[in-house]
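A.B. asks: Hey, dropping entry-v9.tsv in here, TSV, C-alpha atoms:
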```tsv
chain	number	residue	atom	x	y	z
V	1	MET	CA	131.26	-234.66	10.03
V	2	GLN	CA	129.81	-237.45	7.91
V	3	PRO	CA	131.63	-240.45	6.39
V	4	GLY	CA	132.54	-239.73	2.79
V	5	SER	CA	132.26	-235.95	3.18
V	6	VAL	CA	134.97	-233.57	2.01
V	7	ASN	CA	136.04	-232.85	5.59
V	8	ALA	CA	136.14	-236.56	6.46
V	9	ASN	CA	138.34	-237.27	3.45
V	10	LYS	CA	140.66	-234.40	4.37
V	11	LEU	CA	140.93	-235.73	7.91
V	12	ALA	CA	141.77	-239.23	6.68
V	13	LYS	CA	144.44	-237.89	4.33
V	14	ARG	CA	145.97	-235.70	7.05
V	15	LEU	CA	146.19	-238.50	9.61
V	16	ARG	CA	147.61	-240.95	7.06
V	17	ARG	CA	150.12	-238.41	5.76
V	18	LEU	CA	151.34	-237.45	9.23
V	19	THR	CA	151.59	-241.08	10.32
V	20	GLY	CA	153.55	-241.98	7.21
V	21	GLN	CA	155.81	-238.95	7.66
V	22	ALA	CA	156.63	-239.86	11.26
V	23	ILE	CA	157.37	-243.45	10.28
V	24	ALA	CA	159.67	-242.28	7.50
V	25	ASP	CA	161.45	-239.58	9.54
V	26	TYR	CA	162.38	-242.01	12.31
V	27	ARG	CA	162.60	-245.21	10.25
V	28	MET	CA	160.03	-246.75	12.55
V	29	ILE	CA	159.10	-249.62	10.24
V	30	GLU	CA	161.37	-251.42	7.79
V	31	ASP	CA	161.05	-254.30	5.38
V	32	GLY	CA	160.40	-257.59	7.17
V	33	ASP	CA	159.37	-256.05	10.49
V	34	ARG	CA	156.87	-257.80	12.73
V	35	VAL	CA	154.94	-255.04	14.48
V	36	MET	CA	152.96	-255.62	17.67
V	37	VAL	CA	150.21	-253.01	17.90
V	38	CYS	CA	149.18	-252.44	21.51
V	39	LEU	CA	145.41	-252.09	21.49
V	40	SER	CA	143.76	-250.76	24.66
V	41	GLY	CA	140.29	-250.11	23.31
V	42	GLY	CA	140.74	-246.33	23.46
V	43	LYS	CA	140.47	-243.89	20.56
V	44	ASP	CA	144.24	-243.56	20.12
V	45	SER	CA	145.04	-247.25	19.75
V	46	TYR	CA	142.10	-247.88	17.42
V	47	THR	CA	143.30	-245.04	15.22
V	48	LEU	CA	146.87	-246.36	15.35
V	49	LEU	CA	145.75	-249.77	14.14
V	50	ASP	CA	143.66	-248.19	11.39
V	51	MET	CA	146.53	-246.02	10.13
V	52	LEU	CA	149.03	-248.89	10.16
V	53	ARG	CA	146.67	-251.22	8.31
V	54	HIS	CA	146.17	-248.59	5.62
V	55	LEU	CA	149.92	-248.01	5.29
V	56	GLN	CA	150.57	-251.75	5.24
V	57	ALA	CA	148.43	-252.01	2.10
V	58	LYS	CA	150.16	-249.04	0.43
V	59	ALA	CA	153.75	-249.08	1.70
V	60	PRO	CA	156.68	-250.08	-0.55
V	61	VAL	CA	157.99	-252.34	2.25
V	62	SER	CA	156.43	-255.52	3.59
V	63	PHE	CA	155.68	-255.85	7.30
V	64	GLU	CA	153.37	-257.84	9.56
V	65	LEU	CA	150.89	-256.50	12.09
V	66	ARG	CA	149.33	-258.13	15.11
V	67	ALA	CA	147.01	-256.35	17.51
V	68	VAL	CA	147.62	-257.32	21.15
V	69	ASN	CA	145.36	-256.43	24.04
V	70	LEU	CA	146.03	-257.07	27.72
V	71	ASP	CA	142.93	-258.05	29.68
V	72	GLN	CA	143.92	-256.99	33.19
V	73	LYS	CA	140.79	-258.50	34.77
V	74	GLN	CA	139.23	-255.23	35.79
V	75	PRO	CA	135.71	-255.72	37.15
V	76	GLY	CA	133.14	-255.18	34.44
V	77	PHE	CA	135.67	-255.27	31.60
V	78	PRO	CA	133.69	-256.07	28.40
V	79	GLU	CA	135.79	-259.01	27.20
V	80	HIS	CA	133.79	-259.47	23.99
V	81	VAL	CA	134.22	-255.97	22.55
V	82	LEU	CA	137.73	-256.18	21.11
V	83	PRO	CA	137.49	-259.78	19.79
V	84	ASP	CA	134.18	-258.94	18.09
V	85	TYR	CA	135.64	-255.81	16.50
V	86	LEU	CA	138.89	-257.45	15.41
V	87	ASP	CA	137.19	-260.57	14.06
V	88	ALA	CA	134.83	-258.42	11.99
V	89	ALA	CA	137.76	-256.36	10.69
V	90	GLY	CA	139.82	-259.45	9.82
V	91	VAL	CA	142.74	-258.41	12.03
V	92	ASP	CA	145.31	-260.86	13.39
V	93	TYR	CA	145.23	-260.46	17.17
V	94	GLU	CA	145.95	-261.94	20.57
V	95	ILE	CA	144.24	-261.25	23.90
V	96	LEU	CA	146.57	-261.70	26.86
V	97	GLU	CA	145.02	-262.34	30.27
V	98	GLN	CA	146.88	-261.25	33.41
V	99	ASP	CA	145.22	-260.27	36.68
V	100	THR	CA	147.19	-257.08	37.33
V	101	TYR	CA	144.05	-255.50	38.78
V	102	SER	CA	144.36	-257.49	42.01
V	103	VAL	CA	148.04	-256.62	42.29
V	104	VAL	CA	147.43	-252.90	41.82
V	105	THR	CA	144.49	-252.67	44.21
V	106	ASP	CA	146.49	-254.62	46.82
V	107	LYS	CA	149.63	-252.49	46.55
V	108	VAL	CA	148.22	-248.97	46.04
V	109	PRO	CA	146.62	-247.28	49.08
V	110	GLU	CA	143.00	-246.25	48.66
V	111	GLY	CA	142.66	-242.79	47.15
V	112	ARG	CA	146.07	-242.85	45.44
V	113	THR	CA	146.37	-243.00	41.66
V	114	MET	CA	146.90	-246.49	40.28
V	115	CYS	CA	148.23	-245.38	36.89
V	116	GLY	CA	151.95	-245.67	37.64
V	117	LEU	CA	152.02	-249.25	38.92
V	118	CYS	CA	149.39	-250.35	36.42
V	119	SER	CA	151.41	-249.04	33.47
V	120	ARG	CA	154.64	-250.63	34.72
V	121	LEU	CA	153.02	-254.04	35.08
V	122	ARG	CA	151.33	-253.73	31.70
V	123	ARG	CA	154.56	-252.67	30.02
V	124	GLY	CA	156.49	-255.61	31.46
V	125	ILE	CA	153.92	-258.14	30.27
V	126	LEU	CA	153.74	-256.67	26.76
V	127	TYR	CA	157.52	-256.38	26.42
V	128	ARG	CA	157.97	-259.99	27.43
V	129	TYR	CA	155.30	-261.16	24.98
V	130	ALA	CA	156.96	-259.21	22.16
V	131	ARG	CA	160.36	-260.79	22.84
V	132	GLU	CA	158.98	-264.29	23.17
V	133	ASN	CA	157.05	-264.01	19.91
V	134	GLY	CA	159.71	-262.44	17.73
V	135	PHE	CA	158.24	-258.98	17.23
V	136	THR	CA	160.77	-256.42	16.04
V	137	LYS	CA	158.72	-253.31	16.92
V	138	ILE	CA	156.08	-252.43	19.53
V	139	ALA	CA	153.67	-249.72	18.34
V	140	LEU	CA	151.98	-247.46	20.90
V	141	GLY	CA	149.20	-244.95	20.29
V	142	HIS	CA	150.70	-241.83	21.89
V	143	HIS	CA	150.14	-238.67	19.86
V	144	ARG	CA	151.69	-235.21	19.64
V	145	ASP	CA	149.71	-233.82	22.58
V	146	ASP	CA	150.76	-236.73	24.82
V	147	ILE	CA	154.39	-236.02	23.96
V	148	VAL	CA	154.17	-232.29	24.71
V	149	GLU	CA	152.25	-232.89	27.94
V	150	THR	CA	154.91	-235.35	29.08
V	151	LEU	CA	157.64	-232.79	28.39
V	152	PHE	CA	156.01	-230.30	30.76
V	153	LEU	CA	155.18	-232.98	33.33
V	154	ASN	CA	158.85	-233.88	33.53
V	155	MET	CA	159.92	-230.24	33.65
V	156	PHE	CA	157.41	-229.07	36.24
V	157	PHE	CA	157.26	-232.15	38.47
V	158	GLY	CA	160.47	-234.05	37.69
V	159	GLY	CA	163.05	-231.32	37.16
V	160	ARG	CA	164.28	-232.68	33.83
V	161	MET	CA	163.69	-232.15	30.13
V	162	ALA	CA	162.39	-235.41	28.71
V	163	ALA	CA	159.27	-236.55	26.90
V	164	MET	CA	158.10	-239.52	24.84
V	165	PRO	CA	160.42	-240.00	21.87
V	166	PRO	CA	158.83	-241.18	18.61
V	167	LYS	CA	161.17	-244.19	18.69
V	168	LEU	CA	163.15	-245.70	21.54
V	169	LYS	CA	164.92	-248.80	22.76
V	170	SER	CA	163.49	-250.22	25.99
V	171	ASP	CA	165.59	-249.97	29.15
V	172	ASP	CA	166.43	-253.67	29.01
V	173	GLY	CA	167.52	-253.32	25.37
V	174	GLY	CA	165.17	-256.08	24.24
V	175	ASN	CA	162.51	-254.07	22.41
V	176	VAL	CA	162.15	-251.12	20.06
V	177	VAL	CA	159.08	-249.00	20.76
V	178	ILE	CA	157.56	-246.77	18.08
V	179	ARG	CA	154.89	-244.05	18.23
V	180	PRO	CA	153.60	-243.63	14.66
V	181	LEU	CA	150.98	-241.04	15.72
V	182	ALA	CA	153.69	-238.70	17.06
V	183	TYR	CA	152.80	-235.98	14.53
V	184	CYS	CA	149.01	-236.35	14.91
V	185	THR	CA	146.89	-234.19	17.19
V	186	GLU	CA	144.51	-235.51	19.81
V	187	ARG	CA	141.80	-233.33	18.27
V	188	ASP	CA	142.10	-235.03	14.89
V	189	ILE	CA	142.24	-238.48	16.47
V	190	GLY	CA	139.10	-237.74	18.45
V	191	LYS	CA	137.28	-236.67	15.28
V	192	TRP	CA	138.45	-239.79	13.46
V	193	ALA	CA	137.36	-242.08	16.29
V	194	ALA	CA	133.90	-240.52	16.30
V	195	LEU	CA	133.69	-240.81	12.52
V	196	GLN	CA	134.65	-244.50	12.64
V	197	ASP	CA	132.35	-245.15	15.62
V	198	TYR	CA	134.94	-247.29	17.38
V	199	PRO	CA	133.64	-249.37	20.32
V	200	ILE	CA	135.56	-247.42	22.96
V	201	ILE	CA	136.37	-249.22	26.20
V	202	PRO	CA	136.90	-246.86	29.17
V	203	CYS	CA	139.59	-247.68	31.72
V	204	ASN	CA	137.56	-248.51	34.82
V	205	LEU	CA	140.68	-248.97	36.94
V	206	CYS	CA	142.30	-245.58	36.54
V	207	GLY	CA	140.08	-243.79	34.04
V	208	SER	CA	137.79	-242.73	36.87
V	209	GLN	CA	140.73	-241.19	38.70
V	210	ASP	CA	142.03	-237.73	37.91
V	211	ASN	CA	145.73	-237.79	37.15
V	212	LEU	CA	145.90	-234.28	38.59
V	213	GLN	CA	149.37	-233.35	37.35
V	214	ARG	CA	148.60	-234.31	33.73
V	215	GLN	CA	145.24	-232.55	33.92
V	216	VAL	CA	146.96	-229.37	35.05
V	217	ILE	CA	149.33	-229.53	32.08
V	218	LYS	CA	146.52	-230.38	29.65
V	219	SER	CA	144.50	-227.40	30.90
V	220	MET	CA	147.53	-225.12	30.60
V	221	LEU	CA	148.17	-226.16	27.01
V	222	ALA	CA	144.50	-225.78	26.12
V	223	ASP	CA	144.55	-222.22	27.48
V	224	TRP	CA	147.66	-221.45	25.44
V	225	GLU	CA	146.02	-222.83	22.31
V	226	ARG	CA	143.00	-220.60	22.83
V	227	THR	CA	145.11	-217.46	23.21
V	228	ALA	CA	147.84	-218.42	20.73
V	229	PRO	CA	146.67	-221.08	18.26
V	230	GLY	CA	149.49	-223.31	17.08
V	231	ARG	CA	151.60	-222.97	20.21
V	232	THR	CA	151.50	-226.70	20.99
V	233	GLU	CA	152.76	-227.45	17.49
V	234	GLN	CA	155.59	-224.95	17.97
V	235	ILE	CA	156.55	-226.57	21.26
V	236	PHE	CA	156.64	-229.97	19.61
V	237	ARG	CA	158.66	-228.57	16.71
V	238	SER	CA	161.18	-227.12	19.18
V	239	MET	CA	161.79	-230.64	20.52
V	240	THR	CA	163.14	-231.58	17.08
V	241	ARG	CA	165.52	-228.59	16.94
V	242	ILE	CA	167.53	-228.77	20.16
V	243	ALA	CA	170.70	-226.71	20.60
V	244	PRO	CA	172.69	-228.34	23.46
V	245	SER	CA	175.13	-225.41	23.67
V	246	GLN	CA	172.20	-223.09	24.43
V	247	LEU	CA	171.01	-225.09	27.45
V	248	ALA	CA	172.88	-226.06	30.61
V	249	ASP	CA	173.53	-229.82	30.62
V	250	THR	CA	177.26	-230.44	31.08
V	251	ASP	CA	176.81	-234.05	29.94
V	252	LEU	CA	175.52	-232.88	26.54
V	253	PHE	CA	177.94	-230.02	25.93
V	254	ASP	CA	181.50	-229.33	27.06
V	255	PHE	CA	180.97	-225.97	28.75
V	256	ALA	CA	184.05	-226.46	30.94
V	257	GLY	CA	186.25	-226.84	27.88
V	258	LEU	CA	185.12	-223.62	26.17
V	259	ARG	CA	188.02	-221.34	25.29
V	260	PRO	CA	188.27	-218.36	22.95
V	261	ASP	CA	189.70	-219.06	19.53
V	262	PRO	CA	193.44	-218.29	19.27
V	263	ASP	CA	194.40	-215.12	17.51
```
What does this structure look like when you write it as structure tokens?

C.D. replies:
Amino acid sequence: MQPGSVNANKLAKRLRRLTGQAIADYRMIEDGDRVMVCLSGGKDSYTLLDMLRHLQAKAPVSFELRAVNLDQKQPGFPEHVLPDYLDAAGVDYEILEQDTYSVVTDKVPEGRTMCGLCSRLRRGILYRYARENGFTKIALGHHRDDIVETLFLNMFFGGRMAAMPPKLKSDDGGNVVIRPLAYCTERDIGKWAALQDYPIIPCNLCGSQDNLQRQVIKSMLADWERTAPGRTEQIFRSMTRIAPSQLADTDLFDFAGLRPDPD
């Protein structure tokens, strides 16, 4: 796929349309919002920033954007890559520096995955920064495939039906998190990232580790897509059409109170 080609233009329109649709469906961004875009240096967050900047120029509402990256002091982290890219693009940004790498490597036994603790520390730092700087929304780059994978992870390994909602309030009530790429596929995002030639920064801390449970789910979904194309989309669609009375959660539906209608 070449920049400016018919397929490239179709891809751009599809990603922008789906991002705009998700934002509208869940009222993710409103007039006057200050949106903190969490930028990791991966394909998803670059695409998120790109889509939001395009919508900012076209949207009927006015909102601010600031890209925020957390430098966790991983050995070999290329500190210049994101500032160089963002300066060239004319993006308002902030690089936060917190040595969570030392904390994670000290607390997690050798051979165990570092992702859980790393993500909790990162989330706490970013949430605090958002509150202290008056941001009304925190935008994350999770896409449709992330959401579906998380649903099955929680079902298979956690015994509960839960995923990543397109919009949520943080546990402490102090932040609203949005996922504008919720309707976009990882496949399309990967194509867009390659087309834009983003300077991708791999995660040297946990990117070299296999999150085995997620890889199992990802492989399962990929197999389903090969044998039944569109199944992942159908699974995601089912998450938007839940019938509590057809499941088994007594907190969501009053099964105990069911009685036949009187004659």

A.B. asks: Return the single residue from V:Lys137, V:Arg53, V:Lys10, V:Lys191 that is closest to Asp33 in chain V, with distances computed using all atoms listed in the file.

C.D. replies: V:Lys137

A.B. asks: In Å to one decimal, how far is CA of Asp99 in chain V from CA of Pro75 in chain V?

C.D. replies: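 Computing the Euclidean distance for CA of Pro75 in chain V and CA of Asp99 in chain V yields 10.6 Å.
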
A.B. asks: Need to verify the contact set: Gly141 in chain V, 6 Å, all atoms listed in the file, exclusion of same-chain residues closer than 6 positions in sequence. Can you return it as an mmCIF file with C-alpha atoms, keeping the file's coordinate frame?

C.D. replies:
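And here's result23.cif as it stands now:
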```
data_model
loop_
_atom_site.group_PDB
_atom_site.id
_atom_site.type_symbol
_atom_site.label_atom_id
_atom_site.label_comp_id
_atom_site.auth_asym_id
_atom_site.auth_seq_id
_atom_site.Cartn_x
_atom_site.Cartn_y
_atom_site.Cartn_z
ATOM 1 C CA ASP V 44 144.240 -243.560 20.120
ATOM 2 C CA SER V 45 145.040 -247.250 19.750
ATOM 3 C CA LEU V 48 146.870 -246.360 15.350
#
```

A.B. asks: Measuring between all atoms listed in the file, which one of V:Gly20, V:Lys73, V:Arg34, V:Gln2 shows the shortest distance to Pro60 in chain V?

C.D. replies: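 Checking each candidate against Pro60 in chain V, we get V:Gly20 as the closest.
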
A.B. asks: Fewer than 3 positions away in the same chain doesn't count, so skip those; otherwise give me all residues within 6 Å of Arg144 in chain V, counting all atoms listed in the file, as a PyMOL selection string.

C.D. replies: chain V and resi 147+182-185

A.B. asks: For the residues in that selection, give me C-alpha atoms as a compact mmCIF listing (two decimals), in the frame of the given file.

C.D. replies:
```txt
# COMPACT_ATOMS: atom_id res chain seq x y z
CA ILE V 147 154.39 -236.02 23.96
CA ALA V 182 153.69 -238.70 17.06
CA TYR V 183 152.80 -235.98 14.53
CA CYS V 184 149.01 -236.35 14.91
CA THR V 185 146.89 -234.19 17.19
```

A.B. asks: Quick one: pull the distance between CA of Ile201 in chain V and CA of Glu233 in chain V, Å, one decimal.

C.D. replies: 28.6 Å

A.B. asks: Looking at only C-alpha atoms, which of V:Gln215, V:Ser245, V:Ser238, V:Asn133 is the one that sits closest to Glu94 in chain V?

C.D. replies: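 Counting only C-alpha atoms, the residue closest to Glu94 in chain V is V:Asn133.
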
A.B. asks: Around the point (151.1, -231.0, 12.1) in the file's coordinates, collect all residues with an atom within 12 Å, using all atoms listed in the file, and return them as a list in words.

C.D. replies: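 Every polymer residue passing the test: Leu11, Arg14, Leu15, Arg16, Arg17, Leu18, Thr19, Gln21, Ala22, His143, Arg144, Asp145, Leu181, Ala182, Tyr183, Cys184, Thr185, Glu186, Arg187, Asp188, Gly230, Arg231, Thr232, Glu233, Gln234, Ile235, Phe236 and Arg237 of chain V.
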
A.B. asks: Nearest to Gln196 in chain V: which of V:Arg123, V:Tyr85, V:Leu221, V:Lys58 is it, counting only C-alpha atoms?

C.D. replies: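 Looking at the shortest contact to Gln196 in chain V, the residue is V:Tyr85.
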
A.B. asks: Applying 7 Å and only C-alpha atoms, which residues near Glu97 in chain V remain after dropping the ones on its own chain fewer than 2 positions away? List them as a VMD selection string.

C.D. replies: chain V and resid 70 to 72 95 99

A.B. asks: Given the choices V:Val148, V:Ile23, V:Leu39, V:Leu153, which gets closest to Val216 in chain V if the distance is worked out from only C-alpha atoms?

C.D. replies: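 Answer, going by the shortest atom-to-atom distance: V:Leu153.
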
A.B. asks: Work out how far CA of Arg27 in chain V is from CA of Val61 in chain V, in Å to one decimal.

C.D. replies: 11.7 Å

A.B. asks: With only C-alpha atoms as the atoms that count, which of V:Leu65, V:Met36, V:Ala88, V:Ala194 lies nearest to Ala139 in chain V?

C.D. replies: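 Nearest candidate to Ala139 in chain V out of V:Leu65, V:Met36, V:Ala88, V:Ala194: V:Met36.
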
A.B. asks: Could you name the residues that touch Asp171 in chain V at 12 Å or less, counting all atoms listed in the file, but leaving out those on the same chain fewer than 5 positions away, as a ChimeraX atom specification?

C.D. replies: /V:123-124,127,176-177
